[in-house]
Amino acid sequence: MPFKKSVKLGLNIDHVATLRQARGGREPDVIRAALEGIKGGADGITAHLREDRRHIQDRDVFELKRVISVPLNLEMSIEKEIVKIASKLAPAKACLVPERRQELTTEGGLDVISGKNKIKQSVARLQNQGVEVSLFIDPIPKQIEAASETNTDFIELHTGSYANSTGASRKRELDRLLRACQFAHSLGLRINAGHGLNYDNVKPIARLPYMVELNIGHSIISRSVFIGLRKAVEEMRDLIREV
C-alpha cells in the first residue's frame with residue numbers, strides 16, 4: 001500500500017441552500033454553514049452552481065470565495081454560461097459534472113469519451129484562470145483514460161454504486177474503485193471521490209490508495225440536524241483520518 005497523507009474532507013453545502021430555497025428567504029445562511037464547517041475541520045467547501053439554480057445561487061459562490069479560508073470547489077456543468085461564470089469566479093478548484101434537470105442529485109459520472117473535445121476546452125479555459133480541475137467520472141478504465149487525455153488535474157470517482165450496494169456487491173464495487181485508483185495514478189492523475197458517502201461506509205473509501213479528498217454533503221448536513229454542523233463535520237473528519 002503506497003504511503004499517503006491524511007485524506008482531506010470537502011464539505012458540500014448544497015443541501016443547506018436547498019433548505020433556504022424552500023422558503024425563498026435567507027435562512028439557513030450558506031455562508032455561516034461554510035464557516036461552521038471550517039471550524040469543524042473541513043479542508044474545503046464544495047458548492048454546485050446548477051444551471052437551474054435550484055439551490056446554490058451566483059451570489060453564494062462569489063461570497064464564499066471572498067470569505068472562506070479554505071479552497072472553494074465549484075461543481076459545475078460544461079455549459080457555456082456556467083463555464084463563463086466559473087472563469088470569472090476563478091475558484092481554487094472546479095469539478096466538472098454531468099447535469100440533467102430532472103435528477104434529484106448528480107447521477108453517474110461524465111461521459112468523457114463522447115464529450116472529450118468540449119470537456120478538454122473547458123478544462124483548459126479554467127486552468128488558464130488558475131483553477132485546478134477535476135472530472136467526476138465512474139470507475140471505468142476507458143473513462144479514466146479519456147479523462148487523462150483532457151489534461152485534467154484530478155478525477156473524482158463516483159462512489160454511488162458502492163454506497164448503494166451491500167454484501168458481496170459492495171466488495172466488488174470497492175475492488176472496482178481500487179483498480180480505478182491504481183490505473184488513474186499510473187496515468188499521472190490525482191484522485192478524489194464522492195457521492196453517497198456516509199458515516200457507515202466512508203472508511204473503506206478513505207483507505208483506497210492515492211486518495212486525496214472526499215467530498216461529502218448530504219450525510220453531514222443530515223446529521224447536523226441532530227448534533228450541529230460543526231460536530232457533524234468533526235465526526236466525519238475523524239473517521240476519514242483514522243484510517
# chains A, B, ... in the order shown; residues from 1 in each chain; ligands from 1
$ closest_atom_pairs --of "stretch 54-134 of chain A" --to "stretch 41-46 of chain A" --cutoff "12 Å" --atoms "only C-alpha atoms" --output "JSON lines"
{"residue": "A:Ile56", "atom": "CA", "partner": "A:Thr46", "partner_atom": "CA", "distance": 10.5}
{"residue": "A:Asp60", "atom": "CA", "partner": "A:Thr46", "partner_atom": "CA", "distance": 11.4}
{"residue": "A:Val61", "atom": "CA", "partner": "A:Thr46", "partner_atom": "CA", "distance": 9.5}
{"residue": "A:Leu64", "atom": "CA", "partner": "A:Ile45", "partner_atom": "CA", "distance": 8.5}
{"residue": "A:Lys65", "atom": "CA", "partner": "A:Ile45", "partner_atom": "CA", "distance": 9.5}
{"residue": "A:Val67", "atom": "CA", "partner": "A:Ile45", "partner_atom": "CA", "distance": 11.4}
{"residue": "A:Ile68", "atom": "CA", "partner": "A:Ile45", "partner_atom": "CA", "distance": 8.3}
{"residue": "A:Ser69", "atom": "CA", "partner": "A:Gly44", "partner_atom": "CA", "distance": 8.6}
{"residue": "A:Val70", "atom": "CA", "partner": "A:Gly44", "partner_atom": "CA", "distance": 5.1}
{"residue": "A:Pro71", "atom": "CA", "partner": "A:Gly44", "partner_atom": "CA", "distance": 5.0}
{"residue": "A:Leu72", "atom": "CA", "partner": "A:Ile45", "partner_atom": "CA", "distance": 5.1}
{"residue": "A:Asn73", "atom": "CA", "partner": "A:Thr46", "partner_atom": "CA", "distance": 4.6}
{"residue": "A:Leu74", "atom": "CA", "partner": "A:Thr46", "partner_atom": "CA", "distance": 5.8}
{"residue": "A:Glu75", "atom": "CA", "partner": "A:Thr46", "partner_atom": "CA", "distance": 6.9}
{"residue": "A:Met76", "atom": "CA", "partner": "A:Thr46", "partner_atom": "CA", "distance": 10.5}
{"residue": "A:Pro91", "atom": "CA", "partner": "A:Thr46", "partner_atom": "CA", "distance": 10.2}
{"residue": "A:Ala92", "atom": "CA", "partner": "A:Gly44", "partner_atom": "CA", "distance": 9.6}
{"residue": "A:Lys93", "atom": "CA", "partner": "A:Thr46", "partner_atom": "CA", "distance": 9.0}
{"residue": "A:Ala94", "atom": "CA", "partner": "A:Thr46", "partner_atom": "CA", "distance": 9.0}
{"residue": "A:Cys95", "atom": "CA", "partner": "A:Thr46", "partner_atom": "CA", "distance": 9.2}
$ write_last_selection --atoms "C-alpha atoms" --output "PDB file, in the first residue's frame"
ATOM      1  CA  ILE A  56     -26.764  27.452  -4.764  1.00  0.00           C
ATOM      2  CA  ASP A  60     -23.367  32.447  -2.908  1.00  0.00           C
ATOM      3  CA  VAL A  61     -20.270  31.331  -4.762  1.00  0.00           C
ATOM      4  CA  LEU A  64     -17.974  32.079  -0.423  1.00  0.00           C
ATOM      5  CA  LYS A  65     -14.791  32.770  -2.317  1.00  0.00           C
ATOM      6  CA  VAL A  67     -14.929  34.955   3.000  1.00  0.00           C
ATOM      7  CA  ILE A  68     -13.794  31.352   3.433  1.00  0.00           C
ATOM      8  CA  SER A  69     -10.261  30.483   4.482  1.00  0.00           C
ATOM      9  CA  VAL A  70     -10.116  27.109   2.701  1.00  0.00           C
ATOM     10  CA  PRO A  71     -10.309  26.271  -1.029  1.00  0.00           C
ATOM     11  CA  LEU A  72     -13.657  26.662  -2.768  1.00  0.00           C
ATOM     12  CA  ASN A  73     -14.525  23.751  -5.053  1.00  0.00           C
ATOM     13  CA  LEU A  74     -17.167  24.662  -7.619  1.00  0.00           C
ATOM     14  CA  GLU A  75     -19.149  21.735  -9.002  1.00  0.00           C
ATOM     15  CA  MET A  76     -20.373  22.702 -12.448  1.00  0.00           C
ATOM     16  CA  PRO A  91     -12.366  29.262  -7.549  1.00  0.00           C
ATOM     17  CA  ALA A  92      -9.425  27.270  -6.264  1.00  0.00           C
ATOM     18  CA  LYS A  93     -10.964  24.117  -7.726  1.00  0.00           C
ATOM     19  CA  ALA A  94     -13.697  23.110 -10.144  1.00  0.00           C
ATOM     20  CA  CYS A  95     -15.263  19.693 -10.599  1.00  0.00           C
TER      21      CYS A  95
END
$ closest_atom_pairs --of "stretch 70-152 of chain A" --to "stretch 188-195 of chain A" --cutoff "12 Å" --atoms "only C-alpha atoms" --output "tab-separated table"
residue	atom	partner	partner_atom	distance
A:Asn73	CA	A:Asn192	CA	11.9
A:Glu75	CA	A:Gly194	CA	11.9
A:Lys93	CA	A:Asn192	CA	12.0
A:Cys95	CA	A:Asn192	CA	10.1
A:Val97	CA	A:Gly194	CA	11.8
A:Thr105	CA	A:His195	CA	9.4
A:Thr106	CA	A:His195	CA	8.4
A:Glu107	CA	A:His195	CA	8.9
A:Gly108	CA	A:His195	CA	9.3
A:Gly109	CA	A:His195	CA	10.3
A:Glu132	CA	A:Arg190	CA	11.0
A:Val133	CA	A:Arg190	CA	10.4
A:Ser134	CA	A:Asn192	CA	8.3
A:Leu135	CA	A:Asn192	CA	9.5
A:Phe136	CA	A:Ala193	CA	8.2
A:Ile137	CA	A:Ala193	CA	9.3
A:Asp138	CA	A:Ala193	CA	9.9
A:Pro139	CA	A:Ala193	CA	10.1
A:Ile144	CA	A:Leu189	CA	8.9
A:Glu145	CA	A:Leu189	CA	9.8
A:Ala146	CA	A:Leu189	CA	11.5
A:Ala147	CA	A:Leu189	CA	8.8
A:Ser148	CA	A:Leu189	CA	6.8
A:Glu149	CA	A:Leu189	CA	10.4
A:Thr150	CA	A:Leu189	CA	11.0
A:Asn151	CA	A:Leu189	CA	9.0
A:Thr152	CA	A:Leu189	CA	7.7
$ select_by_dssp --residues "stretch 18-216 of chain A" --states "helix (DSSP H, G or I)" --output "PyMOL selection string"
chain A and resi 18-23+30-39+58-67+80-89+112-127+141-148+160-163+167-186+202-206
$ residues_around --residues "A:Glu235" --least-positions-apart "2" --cutoff "12 Å" --atoms "only C-alpha atoms" --output "JSON, numbers by chain"
{"A": [9, 37, 40, 41, 42, 198, 199, 200, 202, 219, 220, 223, 224, 227, 228, 229, 230, 231, 232, 233, 237, 238, 239, 240, 241, 242]}
$ write_last_selection --atoms "C-alpha atoms" --output "PDB file, in the first residue's frame"
ATOM      1  CA  LEU A   9     -12.609  16.394   3.684  1.00  0.00           C
ATOM      2  CA  GLY A  37     -17.915  23.512   8.688  1.00  0.00           C
ATOM      3  CA  GLY A  40     -15.286  21.647  12.452  1.00  0.00           C
ATOM      4  CA  GLY A  41     -12.245  20.803  10.339  1.00  0.00           C
ATOM      5  CA  ALA A  42     -13.435  20.829   6.717  1.00  0.00           C
ATOM      6  CA  ASN A 198     -21.809   8.485   4.986  1.00  0.00           C
ATOM      7  CA  TYR A 199     -20.610   7.703   8.491  1.00  0.00           C
ATOM      8  CA  ASP A 200     -21.054   3.949   7.976  1.00  0.00           C
ATOM      9  CA  VAL A 202     -16.720   6.103   4.304  1.00  0.00           C
ATOM     10  CA  SER A 219     -24.943  12.736   5.234  1.00  0.00           C
ATOM     11  CA  ILE A 220     -23.133  15.521   7.103  1.00  0.00           C
ATOM     12  CA  ARG A 223     -26.518  14.559  10.901  1.00  0.00           C
ATOM     13  CA  SER A 224     -26.118  18.234  11.681  1.00  0.00           C
ATOM     14  CA  ILE A 227     -25.905  17.418  16.675  1.00  0.00           C
ATOM     15  CA  GLY A 228     -24.968  20.660  14.913  1.00  0.00           C
ATOM     16  CA  LEU A 229     -22.894  21.197  11.812  1.00  0.00           C
ATOM     17  CA  ARG A 230     -19.534  21.754  13.472  1.00  0.00           C
ATOM     18  CA  LYS A 231     -19.799  18.494  15.408  1.00  0.00           C
ATOM     19  CA  ALA A 232     -21.068  16.579  12.364  1.00  0.00           C
ATOM     20  CA  VAL A 233     -18.049  17.714  10.351  1.00  0.00           C
ATOM     21  CA  ARG A 237     -13.212  14.288   9.619  1.00  0.00           C
ATOM     22  CA  ASP A 238     -12.135  11.980  12.432  1.00  0.00           C
ATOM     23  CA  LEU A 239     -13.478   8.909  10.624  1.00  0.00           C
ATOM     24  CA  ILE A 240     -11.545   9.546   7.437  1.00  0.00           C
ATOM     25  CA  ARG A 241      -8.364  10.392   9.306  1.00  0.00           C
ATOM     26  CA  GLU A 242      -8.433   7.285  11.469  1.00  0.00           C
TER      27      GLU A 242
END
$ select_by_dssp --residues "stretch 119-218 of chain A" --states "strand (DSSP E or B)" --output "ChimeraX atom specification"
/A:132-137,154-158,190-194,211-216
$ write_last_selection --atoms "C-alpha atoms" --output "PDB file, in the first residue's frame"
ATOM      1  CA  GLU A 132      -7.415  23.181 -10.505  1.00  0.00           C
ATOM      2  CA  VAL A 133      -9.851  20.944 -12.400  1.00  0.00           C
ATOM      3  CA  SER A 134     -11.319  17.517 -11.717  1.00  0.00           C
ATOM      4  CA  LEU A 135     -13.728  15.374 -13.720  1.00  0.00           C
ATOM      5  CA  PHE A 136     -16.475  13.444 -11.929  1.00  0.00           C
ATOM      6  CA  ILE A 137     -16.419  10.004 -13.526  1.00  0.00           C
ATOM      7  CA  PHE A 154      -7.821  15.273 -10.927  1.00  0.00           C
ATOM      8  CA  ILE A 155     -10.584  12.783 -11.372  1.00  0.00           C
ATOM      9  CA  GLU A 156     -13.312  12.448  -8.763  1.00  0.00           C
ATOM     10  CA  LEU A 157     -14.506   8.867  -8.650  1.00  0.00           C
ATOM     11  CA  HIS A 158     -18.263   8.424  -8.416  1.00  0.00           C
ATOM     12  CA  ARG A 190      -4.690  12.690  -8.795  1.00  0.00           C
ATOM     13  CA  ILE A 191      -7.794  11.207  -7.214  1.00  0.00           C
ATOM     14  CA  ASN A 192     -10.775  12.433  -5.204  1.00  0.00           C
ATOM     15  CA  ALA A 193     -14.053  10.627  -4.585  1.00  0.00           C
ATOM     16  CA  GLY A 194     -17.624  11.294  -3.552  1.00  0.00           C
ATOM     17  CA  MET A 211      -6.939   9.130  -2.384  1.00  0.00           C
ATOM     18  CA  VAL A 212      -6.574  12.883  -1.823  1.00  0.00           C
ATOM     19  CA  GLU A 213     -10.020  14.223  -0.848  1.00  0.00           C
ATOM     20  CA  LEU A 214     -13.557  13.032  -0.201  1.00  0.00           C
ATOM     21  CA  ASN A 215     -16.401  15.440  -0.994  1.00  0.00           C
ATOM     22  CA  ILE A 216     -19.386  14.755   1.241  1.00  0.00           C
TER      23      ILE A 216
END
$ residues_around --residues "A:Ser87" --least-positions-apart "2" --cutoff "12 Å" --atoms "only C-alpha atoms" --output "list in words"
Phe62, Leu74, Met76, Ile78, Lys80, Glu81, Ile82, Val83, Lys84, Ile85, Leu89, Ala90, Pro91, Ala92, Lys93, Ala94, Ser122, Val123, Ala124, Arg125, Leu126, Gln127, Asn128, Gln129, Gly130, Val131, Glu132 and Val133 of chain A
$ atom_distance --atom1 "atom CA of A:Leu174" --atom2 "atom CA of A:Thr159"
8.8 Å
$ closest_residue --among "A:Ala47, A:Ala22, A:Ile38, A:Ala86" --to "A:Gly217" --atoms "only C-alpha atoms"
A:Ala47
$ closest_residue --among "A:Arg23, A:Leu110, A:Ser222, A:Glu63" --to "A:Ser77" --atoms "only C-alpha atoms"
A:Leu110
$ residues_around --residues "stretch 160-170 of chain A" --least-positions-apart "5" --cutoff "7 Å" --atoms "only C-alpha atoms" --output "list of chain:residue names"
A:His195, A:Gly196, A:Leu197, A:Asn201
$ write_last_selection --atoms "N, CA and C atoms" --output "CSV table (one decimal), in the first residue's frame"
chain,number,residue,atom,x,y,z
A,195,HIS,N,-20.0,10.9,-3.4
A,195,HIS,CA,-21.3,10.6,-3.8
A,195,HIS,C,-21.8,9.4,-2.9
A,196,GLY,N,-22.8,9.7,-2.1
A,196,GLY,CA,-23.4,8.7,-1.2
A,196,GLY,C,-22.6,8.2,0.0
A,197,LEU,N,-21.5,8.9,0.2
A,197,LEU,CA,-20.7,8.5,1.4
A,197,LEU,C,-21.3,9.0,2.7
A,201,ASN,N,-20.1,4.0,5.7
A,201,ASN,CA,-19.4,3.4,4.6
A,201,ASN,C,-18.2,4.2,4.1
$ atom_distance --atom1 "atom CA of A:Pro141" --atom2 "atom CA of A:Ala180"
6.6 Å
$ closest_residue --among "A:Pro204, A:Glu79, A:Asn117, A:Val16" --to "A:Arg50" --atoms "only C-alpha atoms"
A:Glu79
$ atom_distance --atom1 "atom CA of A:Glu234" --atom2 "atom CA of A:Ile31"
18.1 Å
$ closest_residue --among "A:Val112, A:Val243, A:Leu11, A:Leu208" --to "A:Lys39" --atoms "only C-alpha atoms"
A:Leu11
